[in-house]
Structure formats: C-alpha cells, structure tokens
$ cat coords01.pdb   # PDB, C-alpha atoms and all ligand atoms
ATOM      1  CA  MET Y 953       0.000   0.000   0.000  1.00  0.00           C
ATOM      2  CA  ALA Y 954       1.262   3.493  -0.843  1.00  0.00           C
ATOM      3  CA  ARG Y 955       2.086   5.890   1.974  1.00  0.00           C
ATOM      4  CA  LEU Y 956       0.017   9.026   2.594  1.00  0.00           C
ATOM      5  CA  GLY Y 957       1.494  12.399   3.511  1.00  0.00           C
ATOM      6  CA  VAL Y 958      -1.133  14.948   4.534  1.00  0.00           C
ATOM      7  CA  ASN Y 959      -0.422  18.573   3.653  1.00  0.00           C
ATOM      8  CA  VAL Y 960      -1.735  20.834   6.428  1.00  0.00           C
ATOM      9  CA  ASP Y 961      -0.885  24.209   4.835  1.00  0.00           C
ATOM     10  CA  HIS Y 962      -4.579  24.752   4.168  1.00  0.00           C
ATOM     11  CA  ILE Y 963      -5.336  24.794   7.891  1.00  0.00           C
ATOM     12  CA  ALA Y 964      -2.724  27.514   8.348  1.00  0.00           C
ATOM     13  CA  THR Y 965      -4.246  29.447   5.427  1.00  0.00           C
ATOM     14  CA  LEU Y 966      -7.555  29.577   7.300  1.00  0.00           C
ATOM     15  CA  ARG Y 967      -5.807  30.721  10.474  1.00  0.00           C
ATOM     16  CA  GLN Y 968      -3.914  33.461   8.650  1.00  0.00           C
ATOM     17  CA  ALA Y 969      -7.181  34.730   7.121  1.00  0.00           C
ATOM     18  CA  ARG Y 970      -8.180  35.937  10.618  1.00  0.00           C
ATOM     19  CA  GLY Y 971      -4.674  36.525  11.905  1.00  0.00           C
ATOM     20  CA  GLY Y 972      -5.520  34.699  15.127  1.00  0.00           C
ATOM     21  CA  HIS Y 973      -4.670  31.323  16.648  1.00  0.00           C
ATOM     22  CA  GLU Y 974      -7.232  28.986  15.137  1.00  0.00           C
ATOM     23  CA  PRO Y 975      -7.384  26.635  13.439  1.00  0.00           C
ATOM     24  CA  ASP Y 976      -3.897  25.600  14.508  1.00  0.00           C
ATOM     25  CA  PRO Y 977      -2.113  23.156  12.167  1.00  0.00           C
ATOM     26  CA  LEU Y 978      -0.369  21.717  15.250  1.00  0.00           C
ATOM     27  CA  MET Y 979      -3.686  20.267  16.400  1.00  0.00           C
ATOM     28  CA  ALA Y 980      -3.970  18.415  13.109  1.00  0.00           C
ATOM     29  CA  ALA Y 981      -0.778  16.428  13.683  1.00  0.00           C
ATOM     30  CA  PRO Y 982      -2.001  13.854  16.230  1.00  0.00           C
ATOM     31  CA  LEU Y 983      -5.377  13.534  14.485  1.00  0.00           C
ATOM     32  CA  VAL Y 984      -3.828  12.940  11.089  1.00  0.00           C
ATOM     33  CA  GLU Y 985      -1.437  10.375  12.567  1.00  0.00           C
ATOM     34  CA  LEU Y 986      -4.194   8.703  14.578  1.00  0.00           C
ATOM     35  CA  ALA Y 987      -6.170   8.273  11.354  1.00  0.00           C
ATOM     36  CA  GLY Y 988      -3.273   6.379   9.801  1.00  0.00           C
ATOM     37  CA  ALA Y 989      -1.388   8.974   7.762  1.00  0.00           C
ATOM     38  CA  ASP Y 990       2.273   8.187   7.288  1.00  0.00           C
ATOM     39  CA  GLY Y 991       3.432  11.763   7.616  1.00  0.00           C
ATOM     40  CA  LEU Y 992       2.695  15.471   7.442  1.00  0.00           C
ATOM     41  CA  VAL Y 993       3.723  17.905   4.727  1.00  0.00           C
ATOM     42  CA  ILE Y 994       4.166  21.652   5.166  1.00  0.00           C
ATOM     43  CA  HIS Y 995       5.420  24.366   2.852  1.00  0.00           C
ATOM     44  CA  LEU Y 996       7.385  27.186   4.473  1.00  0.00           C
ATOM     45  CA  ARG Y 997       6.978  29.807   1.766  1.00  0.00           C
ATOM     46  CA  GLU Y 998       9.262  32.814   1.526  1.00  0.00           C
ATOM     47  CA  ASP Y 999       6.224  35.093   1.974  1.00  0.00           C
ATOM     48  CA  ARG Y1000       4.985  33.034   5.002  1.00  0.00           C
ATOM     49  CA  ARG Y1001       1.442  33.189   3.670  1.00  0.00           C
ATOM     50  CA  HIS Y1002       0.342  30.101   5.606  1.00  0.00           C
ATOM     51  CA  ILE Y1003       2.867  28.002   7.564  1.00  0.00           C
ATOM     52  CA  GLN Y1004       4.949  30.102   9.997  1.00  0.00           C
ATOM     53  CA  ASP Y1005       8.395  29.359  11.447  1.00  0.00           C
ATOM     54  CA  ARG Y1006       6.753  28.551  14.782  1.00  0.00           C
ATOM     55  CA  ASP Y1007       4.557  25.872  13.106  1.00  0.00           C
ATOM     56  CA  PHE Y1008       7.617  24.241  11.562  1.00  0.00           C
ATOM     57  CA  ILE Y1009       9.587  24.260  14.844  1.00  0.00           C
ATOM     58  CA  LEU Y1010       6.727  22.836  16.906  1.00  0.00           C
ATOM     59  CA  LEU Y1011       5.593  20.303  14.295  1.00  0.00           C
ATOM     60  CA  LYS Y1012       9.115  18.899  14.236  1.00  0.00           C
ATOM     61  CA  GLU Y1013       8.723  18.345  17.992  1.00  0.00           C
ATOM     62  CA  ILE Y1014       5.332  16.641  17.888  1.00  0.00           C
ATOM     63  CA  VAL Y1015       5.140  14.751  14.589  1.00  0.00           C
ATOM     64  CA  SER Y1016       6.025  11.166  15.376  1.00  0.00           C
ATOM     65  CA  THR Y1017       5.744   9.775  11.833  1.00  0.00           C
ATOM     66  CA  HIS Y1018       7.489  11.817   9.117  1.00  0.00           C
ATOM     67  CA  LEU Y1019       7.739  15.541   8.471  1.00  0.00           C
ATOM     68  CA  ASN Y1020       8.271  16.621   4.868  1.00  0.00           C
ATOM     69  CA  LEU Y1021       9.151  20.301   4.450  1.00  0.00           C
ATOM     70  CA  GLU Y1022       8.500  21.851   1.044  1.00  0.00           C
ATOM     71  CA  MET Y1023      10.622  24.910   0.328  1.00  0.00           C
ATOM     72  CA  ALA Y1024      12.111  26.929  -2.509  1.00  0.00           C
ATOM     73  CA  ALA Y1025      15.840  26.569  -3.198  1.00  0.00           C
ATOM     74  CA  ASP Y1026      16.393  29.646  -1.053  1.00  0.00           C
ATOM     75  CA  GLU Y1027      19.367  30.193   1.273  1.00  0.00           C
ATOM     76  CA  ALA Y1028      17.386  31.882   4.050  1.00  0.00           C
ATOM     77  CA  VAL Y1029      14.773  29.121   4.306  1.00  0.00           C
ATOM     78  CA  ALA Y1030      17.522  26.484   3.997  1.00  0.00           C
ATOM     79  CA  LYS Y1031      19.257  27.997   7.034  1.00  0.00           C
ATOM     80  CA  ILE Y1032      16.085  27.579   9.099  1.00  0.00           C
ATOM     81  CA  ALA Y1033      15.540  24.041   7.783  1.00  0.00           C
ATOM     82  CA  LEU Y1034      19.107  23.020   8.616  1.00  0.00           C
ATOM     83  CA  GLY Y1035      18.532  24.115  12.205  1.00  0.00           C
ATOM     84  CA  ILE Y1036      15.311  22.163  12.572  1.00  0.00           C
ATOM     85  CA  LYS Y1037      16.063  19.119  10.410  1.00  0.00           C
ATOM     86  CA  PRO Y1038      12.792  17.781   8.999  1.00  0.00           C
ATOM     87  CA  ASP Y1039      12.810  14.140   7.852  1.00  0.00           C
ATOM     88  CA  LEU Y1040      12.733  15.197   4.202  1.00  0.00           C
ATOM     89  CA  ILE Y1041      12.985  18.425   2.241  1.00  0.00           C
ATOM     90  CA  THR Y1042      11.103  18.728  -1.030  1.00  0.00           C
ATOM     91  CA  LEU Y1043      12.414  21.517  -3.230  1.00  0.00           C
ATOM     92  CA  VAL Y1044       9.608  23.235  -5.116  1.00  0.00           C
ATOM     93  CA  PRO Y1045       9.456  26.246  -7.419  1.00  0.00           C
ATOM     94  CA  GLU Y1046       7.916  29.312  -5.823  1.00  0.00           C
ATOM     95  CA  ARG Y1047       6.415  32.425  -7.342  1.00  0.00           C
ATOM     96  CA  ARG Y1048       4.916  35.122  -5.176  1.00  0.00           C
ATOM     97  CA  GLN Y1049       1.893  35.712  -7.401  1.00  0.00           C
ATOM     98  CA  GLU Y1050       0.804  32.066  -7.598  1.00  0.00           C
ATOM     99  CA  LEU Y1051      -2.110  30.735  -5.559  1.00  0.00           C
ATOM    100  CA  THR Y1052      -0.396  27.379  -5.159  1.00  0.00           C
ATOM    101  CA  THR Y1053       2.663  25.612  -6.599  1.00  0.00           C
ATOM    102  CA  GLU Y1054       1.877  25.748 -10.295  1.00  0.00           C
ATOM    103  CA  GLY Y1055       4.511  23.661 -12.031  1.00  0.00           C
ATOM    104  CA  GLY Y1056       7.453  21.436 -11.305  1.00  0.00           C
ATOM    105  CA  LEU Y1057      11.043  22.564 -10.742  1.00  0.00           C
ATOM    106  CA  ASP Y1058      13.076  23.063 -13.904  1.00  0.00           C
ATOM    107  CA  VAL Y1059      16.026  20.941 -12.810  1.00  0.00           C
ATOM    108  CA  VAL Y1060      17.472  20.856 -16.336  1.00  0.00           C
ATOM    109  CA  GLU Y1061      17.622  24.655 -16.488  1.00  0.00           C
ATOM    110  CA  GLN Y1062      18.710  25.258 -12.871  1.00  0.00           C
ATOM    111  CA  LYS Y1063      21.033  22.281 -12.504  1.00  0.00           C
ATOM    112  CA  ASP Y1064      23.891  24.073 -10.730  1.00  0.00           C
ATOM    113  CA  ARG Y1065      21.713  26.008  -8.294  1.00  0.00           C
ATOM    114  CA  ILE Y1066      19.703  22.923  -7.336  1.00  0.00           C
ATOM    115  CA  ALA Y1067      22.801  20.708  -7.085  1.00  0.00           C
ATOM    116  CA  SER Y1068      24.466  23.119  -4.670  1.00  0.00           C
ATOM    117  CA  MET Y1069      21.288  23.405  -2.555  1.00  0.00           C
ATOM    118  CA  ILE Y1070      21.081  19.587  -2.407  1.00  0.00           C
ATOM    119  CA  ARG Y1071      24.737  19.410  -1.312  1.00  0.00           C
ATOM    120  CA  LEU Y1072      24.079  21.971   1.430  1.00  0.00           C
ATOM    121  CA  LEU Y1073      21.060  20.028   2.726  1.00  0.00           C
ATOM    122  CA  HIS Y1074      22.845  16.675   2.451  1.00  0.00           C
ATOM    123  CA  ASP Y1075      25.753  18.108   4.459  1.00  0.00           C
ATOM    124  CA  GLY Y1076      23.174  18.835   7.147  1.00  0.00           C
ATOM    125  CA  GLY Y1077      22.009  15.204   6.986  1.00  0.00           C
ATOM    126  CA  ILE Y1078      18.647  15.880   5.321  1.00  0.00           C
ATOM    127  CA  PRO Y1079      17.456  13.801   2.341  1.00  0.00           C
ATOM    128  CA  VAL Y1080      16.086  15.811  -0.581  1.00  0.00           C
ATOM    129  CA  SER Y1081      13.218  15.259  -3.001  1.00  0.00           C
ATOM    130  CA  LEU Y1082      12.559  17.354  -6.130  1.00  0.00           C
ATOM    131  CA  PHE Y1083       9.025  18.270  -7.192  1.00  0.00           C
ATOM    132  CA  ILE Y1084       9.077  17.867 -10.970  1.00  0.00           C
ATOM    133  CA  ASP Y1085       6.710  17.515 -13.888  1.00  0.00           C
ATOM    134  CA  PRO Y1086       6.415  13.999 -15.319  1.00  0.00           C
ATOM    135  CA  ASP Y1087       9.120  14.659 -17.901  1.00  0.00           C
ATOM    136  CA  LEU Y1088      11.901  12.146 -18.575  1.00  0.00           C
ATOM    137  CA  GLN Y1089      14.536  14.878 -18.994  1.00  0.00           C
ATOM    138  CA  GLN Y1090      13.670  16.248 -15.562  1.00  0.00           C
ATOM    139  CA  VAL Y1091      13.868  12.767 -14.027  1.00  0.00           C
ATOM    140  CA  ARG Y1092      17.348  12.236 -15.503  1.00  0.00           C
ATOM    141  CA  ALA Y1093      18.422  15.681 -14.275  1.00  0.00           C
ATOM    142  CA  ALA Y1094      17.137  14.844 -10.771  1.00  0.00           C
ATOM    143  CA  ARG Y1095      19.417  11.789 -10.769  1.00  0.00           C
ATOM    144  CA  LYS Y1096      22.369  13.880 -11.982  1.00  0.00           C
ATOM    145  CA  VAL Y1097      22.025  16.441  -9.183  1.00  0.00           C
ATOM    146  CA  GLU Y1098      21.925  13.556  -6.671  1.00  0.00           C
ATOM    147  CA  ALA Y1099      18.424  13.966  -5.336  1.00  0.00           C
ATOM    148  CA  ASP Y1100      17.244  11.086  -3.143  1.00  0.00           C
ATOM    149  CA  SER Y1101      13.707  11.094  -4.490  1.00  0.00           C
ATOM    150  CA  ILE Y1102      11.324  12.874  -6.795  1.00  0.00           C
ATOM    151  CA  GLU Y1103       7.716  13.938  -6.346  1.00  0.00           C
ATOM    152  CA  LEU Y1104       5.802  13.878  -9.602  1.00  0.00           C
ATOM    153  CA  HIS Y1105       3.475  16.833 -10.157  1.00  0.00           C
ATOM    154  CA  THR Y1106       0.014  15.392 -10.762  1.00  0.00           C
ATOM    155  CA  GLY Y1107      -1.643  18.772 -11.379  1.00  0.00           C
ATOM    156  CA  ARG Y1108      -2.000  18.329 -15.137  1.00  0.00           C
ATOM    157  CA  TYR Y1109      -3.534  14.871 -14.656  1.00  0.00           C
ATOM    158  CA  ALA Y1110      -5.892  16.264 -12.007  1.00  0.00           C
ATOM    159  CA  ASN Y1111      -7.046  19.086 -14.287  1.00  0.00           C
ATOM    160  CA  THR Y1112      -7.635  16.824 -17.271  1.00  0.00           C
ATOM    161  CA  ARG Y1113     -11.186  16.126 -18.363  1.00  0.00           C
ATOM    162  CA  GLY Y1114     -12.067  13.122 -20.518  1.00  0.00           C
ATOM    163  CA  LEU Y1115     -10.748   9.605 -20.469  1.00  0.00           C
ATOM    164  CA  LYS Y1116      -8.463   9.939 -23.500  1.00  0.00           C
ATOM    165  CA  ASP Y1117      -6.531  12.929 -22.150  1.00  0.00           C
ATOM    166  CA  GLN Y1118      -6.431  11.259 -18.754  1.00  0.00           C
ATOM    167  CA  ASP Y1119      -4.908   8.138 -20.350  1.00  0.00           C
ATOM    168  CA  THR Y1120      -2.172  10.334 -21.850  1.00  0.00           C
ATOM    169  CA  GLU Y1121      -1.382  11.927 -18.481  1.00  0.00           C
ATOM    170  CA  ILE Y1122      -1.368   8.572 -16.686  1.00  0.00           C
ATOM    171  CA  GLU Y1123       0.994   7.185 -19.314  1.00  0.00           C
ATOM    172  CA  GLY Y1124       3.332  10.171 -18.814  1.00  0.00           C
ATOM    173  CA  LEU Y1125       3.297   9.760 -15.029  1.00  0.00           C
ATOM    174  CA  SER Y1126       3.859   6.037 -15.367  1.00  0.00           C
ATOM    175  CA  GLN Y1127       6.856   6.429 -17.730  1.00  0.00           C
ATOM    176  CA  ALA Y1128       8.433   9.041 -15.456  1.00  0.00           C
ATOM    177  CA  ALA Y1129       7.880   6.886 -12.354  1.00  0.00           C
ATOM    178  CA  LYS Y1130       9.363   3.817 -14.056  1.00  0.00           C
ATOM    179  CA  LEU Y1131      12.473   5.693 -15.195  1.00  0.00           C
ATOM    180  CA  ALA Y1132      12.975   7.242 -11.755  1.00  0.00           C
ATOM    181  CA  SER Y1133      12.650   3.892 -10.092  1.00  0.00           C
ATOM    182  CA  LYS Y1134      15.164   2.388 -12.557  1.00  0.00           C
ATOM    183  CA  LEU Y1135      17.552   5.219 -11.664  1.00  0.00           C
ATOM    184  CA  ASP Y1136      17.150   4.356  -7.964  1.00  0.00           C
ATOM    185  CA  LEU Y1137      15.137   7.449  -7.084  1.00  0.00           C
ATOM    186  CA  LYS Y1138      12.248   7.006  -4.655  1.00  0.00           C
ATOM    187  CA  VAL Y1139       8.990   8.194  -6.204  1.00  0.00           C
ATOM    188  CA  SER Y1140       6.088  10.064  -4.694  1.00  0.00           C
ATOM    189  CA  ALA Y1141       3.369  12.168  -6.335  1.00  0.00           C
ATOM    190  CA  GLY Y1142       0.959  14.922  -5.492  1.00  0.00           C
ATOM    191  CA  HIS Y1143      -1.006  18.061  -6.279  1.00  0.00           C
ATOM    192  CA  GLY Y1144      -4.689  18.243  -7.095  1.00  0.00           C
ATOM    193  CA  LEU Y1145      -5.395  14.644  -6.102  1.00  0.00           C
ATOM    194  CA  ASN Y1146      -8.869  14.040  -4.715  1.00  0.00           C
ATOM    195  CA  TYR Y1147     -11.370  11.324  -3.839  1.00  0.00           C
ATOM    196  CA  HIS Y1148     -12.330  10.912  -7.528  1.00  0.00           C
ATOM    197  CA  ASN Y1149      -9.019  10.966  -9.338  1.00  0.00           C
ATOM    198  CA  ILE Y1150      -6.799   9.112  -6.822  1.00  0.00           C
ATOM    199  CA  GLN Y1151      -7.696   5.599  -8.006  1.00  0.00           C
ATOM    200  CA  ARG Y1152      -5.922   5.677 -11.361  1.00  0.00           C
ATOM    201  CA  VAL Y1153      -2.621   6.989  -9.997  1.00  0.00           C
ATOM    202  CA  THR Y1154      -2.541   4.282  -7.340  1.00  0.00           C
ATOM    203  CA  GLN Y1155      -2.234   1.752 -10.192  1.00  0.00           C
ATOM    204  CA  ILE Y1156       1.280   3.071 -10.889  1.00  0.00           C
ATOM    205  CA  GLN Y1157       3.264   0.658  -8.742  1.00  0.00           C
ATOM    206  CA  GLU Y1158       6.450   2.742  -8.685  1.00  0.00           C
ATOM    207  CA  ILE Y1159       4.716   5.619  -6.847  1.00  0.00           C
ATOM    208  CA  LYS Y1160       5.217   4.731  -3.207  1.00  0.00           C
ATOM    209  CA  GLU Y1161       3.756   7.846  -1.576  1.00  0.00           C
ATOM    210  CA  PHE Y1162       1.016  10.405  -2.245  1.00  0.00           C
ATOM    211  CA  ASN Y1163       1.036  13.891  -0.748  1.00  0.00           C
ATOM    212  CA  ILE Y1164      -2.468  15.292  -0.529  1.00  0.00           C
ATOM    213  CA  GLY Y1165      -3.814  18.421   1.130  1.00  0.00           C
ATOM    214  CA  HIS Y1166      -6.620  20.463  -0.368  1.00  0.00           C
ATOM    215  CA  SER Y1167      -9.143  17.684  -0.977  1.00  0.00           C
ATOM    216  CA  ILE Y1168      -8.666  16.147   2.483  1.00  0.00           C
ATOM    217  CA  ILE Y1169      -9.009  19.462   4.327  1.00  0.00           C
ATOM    218  CA  SER Y1170     -11.988  20.442   2.129  1.00  0.00           C
ATOM    219  CA  ARG Y1171     -13.742  17.179   2.933  1.00  0.00           C
ATOM    220  CA  ALA Y1172     -12.958  17.564   6.628  1.00  0.00           C
ATOM    221  CA  VAL Y1173     -14.960  20.810   6.665  1.00  0.00           C
ATOM    222  CA  PHE Y1174     -18.111  19.012   5.544  1.00  0.00           C
ATOM    223  CA  ILE Y1175     -17.581  15.846   7.527  1.00  0.00           C
ATOM    224  CA  GLY Y1176     -17.176  17.995  10.646  1.00  0.00           C
ATOM    225  CA  LEU Y1177     -19.666  20.818   9.981  1.00  0.00           C
ATOM    226  CA  GLU Y1178     -22.812  19.113  11.246  1.00  0.00           C
ATOM    227  CA  ARG Y1179     -21.200  18.152  14.562  1.00  0.00           C
ATOM    228  CA  ALA Y1180     -19.725  21.632  14.982  1.00  0.00           C
ATOM    229  CA  VAL Y1181     -23.176  23.214  14.561  1.00  0.00           C
ATOM    230  CA  ARG Y1182     -24.781  20.724  16.961  1.00  0.00           C
ATOM    231  CA  GLU Y1183     -22.139  21.528  19.597  1.00  0.00           C
ATOM    232  CA  MET Y1184     -22.810  25.273  19.276  1.00  0.00           C
ATOM    233  CA  LYS Y1185     -26.598  24.697  19.444  1.00  0.00           C
ATOM    234  CA  ALA Y1186     -26.103  22.664  22.617  1.00  0.00           C
ATOM    235  CA  LEU Y1187     -24.275  25.624  24.188  1.00  0.00           C
ATOM    236  CA  LEU Y1188     -27.229  27.879  23.342  1.00  0.00           C
ATOM    237  CA  SER Y1189     -29.825  25.647  24.975  1.00  0.00           C
TER     238      SER Y1189
HETATM  239  N1  LIG P   1       2.936  18.235  -3.210  1.00  0.00           N
HETATM  240  C1  LIG P   1       3.486  19.464  -3.405  1.00  0.00           C
HETATM  241  C2  LIG P   1       4.935  19.548  -3.768  1.00  0.00           C
HETATM  242  C3  LIG P   1       2.712  20.630  -3.245  1.00  0.00           C
HETATM  243  O1  LIG P   1       3.279  21.844  -3.429  1.00  0.00           O
HETATM  244  C4  LIG P   1       1.365  20.503  -2.844  1.00  0.00           C
HETATM  245  C5  LIG P   1       0.550  21.741  -2.610  1.00  0.00           C
HETATM  246  O2  LIG P   1       1.039  22.461  -1.548  1.00  0.00           O
HETATM  247  C6  LIG P   1       0.844  19.216  -2.649  1.00  0.00           C
HETATM  248  C7  LIG P   1       1.641  18.099  -2.853  1.00  0.00           C
HETATM  249  C8  LIG P   1      -0.576  18.997  -2.218  1.00  0.00           C
HETATM  250  O3  LIG P   1      -1.445  19.469  -3.207  1.00  0.00           O
HETATM  251  P1  LIG P   1      -2.991  19.578  -2.899  1.00  0.00           P
HETATM  252  O4  LIG P   1      -3.163  20.547  -1.788  1.00  0.00           O
HETATM  253  O5  LIG P   1      -3.563  20.039  -4.197  1.00  0.00           O
HETATM  254  O6  LIG P   1      -3.450  18.196  -2.516  1.00  0.00           O
END
$ encode --input "coords01.pdb" --output "structure tokens"
Amino acid sequence: MARLGVNVDHIATLRQARGGHEPDPLMAAPLVELAGADGLVIHLREDRRHIQDRDFILLKEIVSTHLNLEMAADEAVAKIALGIKPDLITLVPERRQELTTEGGLDVVEQKDRIASMIRLLHDGGIPVSLFIDPDLQQVRAARKVEADSIELHTGRYANTRGLKDQDTEIEGLSQAAKLASKLDLKVSAGHGLNYHNIQRVTQIQEIKEFNIGHSIISRAVFIGLERAVREMKALLS
C-alpha cells in the first residue's frame, strides 16, 4: 500500500485569514497520525502566507511519523531548515503571485543552483526530493544532481477532463515513475489529487507515496460541519 502524507498548509491558510490562533495546524498532527497517515507535509513559503516558522519548529517536535518540508531553493529558508532538520525536504518552485505551486522545478535549467542546494542540505544530513513535472529529462536531471527522491506533479492529470486525455497523463506519469525507479530514485506524487481521481494513480506501482492536502481538508470541513453546529446549538440551549 502506498504511503500518505497529509499537507496541512490549508489549515494555516484559514488561520492566517483571521490573523488569530485557530485553526492551529499543530492540532492536526495527532489527528492525522491517529487516522493512519504516514506523515505530514508543510510548505514554508518565503512570503509566510500560511505556515509560519513557529509551526515548523513545533511540528518537528510533535510529529512522530514523518515531516516533509516543502521549500524553494532559497538560502534563508535552507538555514532555518538546517537548524530544525525535517525528515525530508522537497524543493519546489515558488512564485509570489501564484495561488499554489503551479509547475514542477526546472532541474534541467537550474542544474547548478539545485545541485548546490542539495549538497548543502545533504551536508546537514537531510534527504532531498525534487518536485518535478512527469518529464523524462527532468527525471534524468534529478538523478544527476543527486536527489534522493522525486515527487511527480500530478496537477495536469488532475485538471484533465475526458478519459483519452487522462490516459495520456497517466501514461506520462507512469513512464516518469518507471524511469525514476530504474535510476534508484524514490517516487512520490501529489497536487490536485482528490477522492475521484486518486484511483488511477494508485495503479502506478512505482509511486510509493502520495502527498495530498486540499481535498482532504476540504472534505474535513463538511464531515465535521454538522457536529460543529450541533455543539454550538447545545451551548445555546
Ligand atoms: N505536493 C506538493 C509539492 C505541493 O506543493 C502541494 C501543494 O502544496 C501538494 C503536494 C498537495 O497538493 P494539494 O493541496 O492540491 O493536494
């Protein structure tokens, strides 16, 4: 069975919308682990729009499974990460204007920069994954820069409508996963995966882990809403 990493950035996004203390992504950690998740994923963005340094520090203390930190190949964030030492760092591209991570890292284009960031993180004892599009050139480049694993961007697959286009995307993901596995890279995948589109990607045997956030947190709102209203009504009675 594939492993599940739950991305809790979306809880922090809701907290930041009010600028207060709740909902606190720290409270999600034991619940997510109790439910069987294999790890938590957070993205410490340069603009700190959701996860804050304090979240990262405290999550490292309380997560007992696996903490995967997504970050840009940025010296300042790397310095923080090296002090805290998550279990894995996933390097992702970051643009200030984007709503979420839009595409994979261009490892081919930024080979030297990414290789030196990987060396820095490896020197600190942290394994590194690269978030890349399902592109064979990018997979080969990930091997060359000595990444430990890759995370395949499933956003294009998730946005595809119609079986034929979906087949094409699945084939692309499958080829990339097979090549990575042959090159001894561990393979995970994520972005845009939900309760409807997850099934087909689980058929790709080489993908050993899925990182999922938005759909799980969105569903949690509705699964929990009725009980939350009942509890407030009970306080009014
Ligand atoms: N993997 C990576 C590298 C991401 O940047 C994200 C989004 O933060 C995810 C997985 C999770 O994507 P989603 O929230 O769409 O499930």
$ residues_around --input "coords01.pdb" --residues "Gln1157 in chain Y" --least-positions-apart "5" --cutoff "9 Å" --atoms "all atoms listed in the file" --output "list in words"
Ala954, Ser1126, Ala1129 and Lys1130 of chain Y
$ resolve_selection --input "coords01.pdb" --expression "the PyMOL selection byres (((not hetatm)) within 6 of (chain P and resi 1))" --output "list in words"
Asn959, Thr1053, Phe1083, Gly1142, His1143, Gly1144, Leu1145, Asn1163, Ile1164, Gly1165, His1166 and Ser1167 of chain Y
$ atom_distance --input "coords01.pdb" --atom1 "CA of Pro977 in chain Y" --atom2 "CA of Asp1007 in chain Y"
7.3 Å
$ closest_residue --input "coords01.pdb" --among "Y:Arg1179, Y:His1074, Y:Arg1000, Y:His973" --to "Leu1040 in chain Y" --atoms "all atoms listed in the file"
Y:His1074
$ residues_around --input "coords01.pdb" --residues "Asp1085 in chain Y" --least-positions-apart "4" --cutoff "9 Å" --atoms "all atoms listed in the file" --output "PyMOL selection string"
chain Y and resi 1055-1058+1090-1091+1103-1108+1125+1128
$ write_last_selection --input "coords01.pdb" --atoms "C-alpha atoms" --output "PDB file, keeping the file's coordinate frame"
ATOM      1  CA  GLY Y1055       4.511  23.661 -12.031  1.00  0.00           C
ATOM      2  CA  GLY Y1056       7.453  21.436 -11.305  1.00  0.00           C
ATOM      3  CA  LEU Y1057      11.043  22.564 -10.742  1.00  0.00           C
ATOM      4  CA  ASP Y1058      13.076  23.063 -13.904  1.00  0.00           C
ATOM      5  CA  GLN Y1090      13.670  16.248 -15.562  1.00  0.00           C
ATOM      6  CA  VAL Y1091      13.868  12.767 -14.027  1.00  0.00           C
ATOM      7  CA  GLU Y1103       7.716  13.938  -6.346  1.00  0.00           C
ATOM      8  CA  LEU Y1104       5.802  13.878  -9.602  1.00  0.00           C
ATOM      9  CA  HIS Y1105       3.475  16.833 -10.157  1.00  0.00           C
ATOM     10  CA  THR Y1106       0.014  15.392 -10.762  1.00  0.00           C
ATOM     11  CA  GLY Y1107      -1.643  18.772 -11.379  1.00  0.00           C
ATOM     12  CA  ARG Y1108      -2.000  18.329 -15.137  1.00  0.00           C
ATOM     13  CA  LEU Y1125       3.297   9.760 -15.029  1.00  0.00           C
ATOM     14  CA  ALA Y1128       8.433   9.041 -15.456  1.00  0.00           C
TER      15      ALA Y1128
END
$ closest_residue --input "coords01.pdb" --among "Y:Arg997, Y:Lys1160, Y:Arg1182, Y:Lys1031" --to "Val1139 in chain Y" --atoms "all atoms listed in the file"
Y:Lys1160
$ closest_residue --input "coords01.pdb" --among "Y:Lys1037, Y:Arg1171, Y:Lys1096, Y:Arg970" --to "His1018 in chain Y" --atoms "only C-alpha atoms"
Y:Lys1037
$ resolve_selection --input "coords01.pdb" --expression "the PyMOL selection byres (((chain Y and resi 1006) around 12) and not hetatm)" --output "PyMOL selection string"
chain Y and resi 964+973+976-978+996+1000+1002-1005+1007-1013+1032+1036
$ closest_residue --input "coords01.pdb" --among "Y:Ile1066, Y:Leu1177, Y:Val1059, Y:Met1023" --to "Glu1046 in chain Y" --atoms "all atoms listed in the file"
Y:Met1023
$ decode --input "coords01.pdb" --residues "range 1023-1032 of chain Y" --atoms "N, CA, C and O atoms" --output "PDB file, in the first residue's frame"
ATOM      1  N   MET Y1023      10.037  23.561   0.316  1.00  0.00           N
ATOM      2  CA  MET Y1023      10.622  24.910   0.328  1.00  0.00           C
ATOM      3  C   MET Y1023      11.228  25.226  -1.031  1.00  0.00           C
ATOM      4  O   MET Y1023      11.547  24.333  -1.814  1.00  0.00           O
ATOM      5  N   ALA Y1024      11.402  26.510  -1.307  1.00  0.00           N
ATOM      6  CA  ALA Y1024      12.111  26.929  -2.509  1.00  0.00           C
ATOM      7  C   ALA Y1024      13.604  26.727  -2.267  1.00  0.00           C
ATOM      8  O   ALA Y1024      14.042  26.623  -1.114  1.00  0.00           O
ATOM      9  N   ALA Y1025      14.377  26.703  -3.352  1.00  0.00           N
ATOM     10  CA  ALA Y1025      15.840  26.569  -3.198  1.00  0.00           C
ATOM     11  C   ALA Y1025      16.386  27.932  -2.793  1.00  0.00           C
ATOM     12  O   ALA Y1025      17.018  28.642  -3.575  1.00  0.00           O
ATOM     13  N   ASP Y1026      16.107  28.302  -1.545  1.00  0.00           N
ATOM     14  CA  ASP Y1026      16.393  29.646  -1.053  1.00  0.00           C
ATOM     15  C   ASP Y1026      17.293  29.538   0.191  1.00  0.00           C
ATOM     16  O   ASP Y1026      17.002  28.753   1.106  1.00  0.00           O
ATOM     17  N   GLU Y1027      18.369  30.308   0.184  1.00  0.00           N
ATOM     18  CA  GLU Y1027      19.367  30.193   1.273  1.00  0.00           C
ATOM     19  C   GLU Y1027      18.776  30.470   2.658  1.00  0.00           C
ATOM     20  O   GLU Y1027      19.100  29.782   3.626  1.00  0.00           O
ATOM     21  N   ALA Y1028      17.910  31.490   2.736  1.00  0.00           N
ATOM     22  CA  ALA Y1028      17.386  31.882   4.050  1.00  0.00           C
ATOM     23  C   ALA Y1028      16.496  30.789   4.636  1.00  0.00           C
ATOM     24  O   ALA Y1028      16.594  30.470   5.835  1.00  0.00           O
ATOM     25  N   VAL Y1029      15.650  30.199   3.804  1.00  0.00           N
ATOM     26  CA  VAL Y1029      14.773  29.121   4.306  1.00  0.00           C
ATOM     27  C   VAL Y1029      15.629  27.880   4.606  1.00  0.00           C
ATOM     28  O   VAL Y1029      15.388  27.169   5.591  1.00  0.00           O
ATOM     29  N   ALA Y1030      16.646  27.642   3.775  1.00  0.00           N
ATOM     30  CA  ALA Y1030      17.522  26.484   3.997  1.00  0.00           C
ATOM     31  C   ALA Y1030      18.197  26.584   5.367  1.00  0.00           C
ATOM     32  O   ALA Y1030      18.344  25.580   6.073  1.00  0.00           O
ATOM     33  N   LYS Y1031      18.587  27.804   5.750  1.00  0.00           N
ATOM     34  CA  LYS Y1031      19.257  27.997   7.034  1.00  0.00           C
ATOM     35  C   LYS Y1031      18.327  27.574   8.184  1.00  0.00           C
ATOM     36  O   LYS Y1031      18.765  26.904   9.131  1.00  0.00           O
ATOM     37  N   ILE Y1032      17.063  27.964   8.062  1.00  0.00           N
ATOM     38  CA  ILE Y1032      16.085  27.579   9.099  1.00  0.00           C
ATOM     39  C   ILE Y1032      15.926  26.057   9.109  1.00  0.00           C
ATOM     40  O   ILE Y1032      15.954  25.407  10.152  1.00  0.00           O
TER      41      ILE Y1032
END
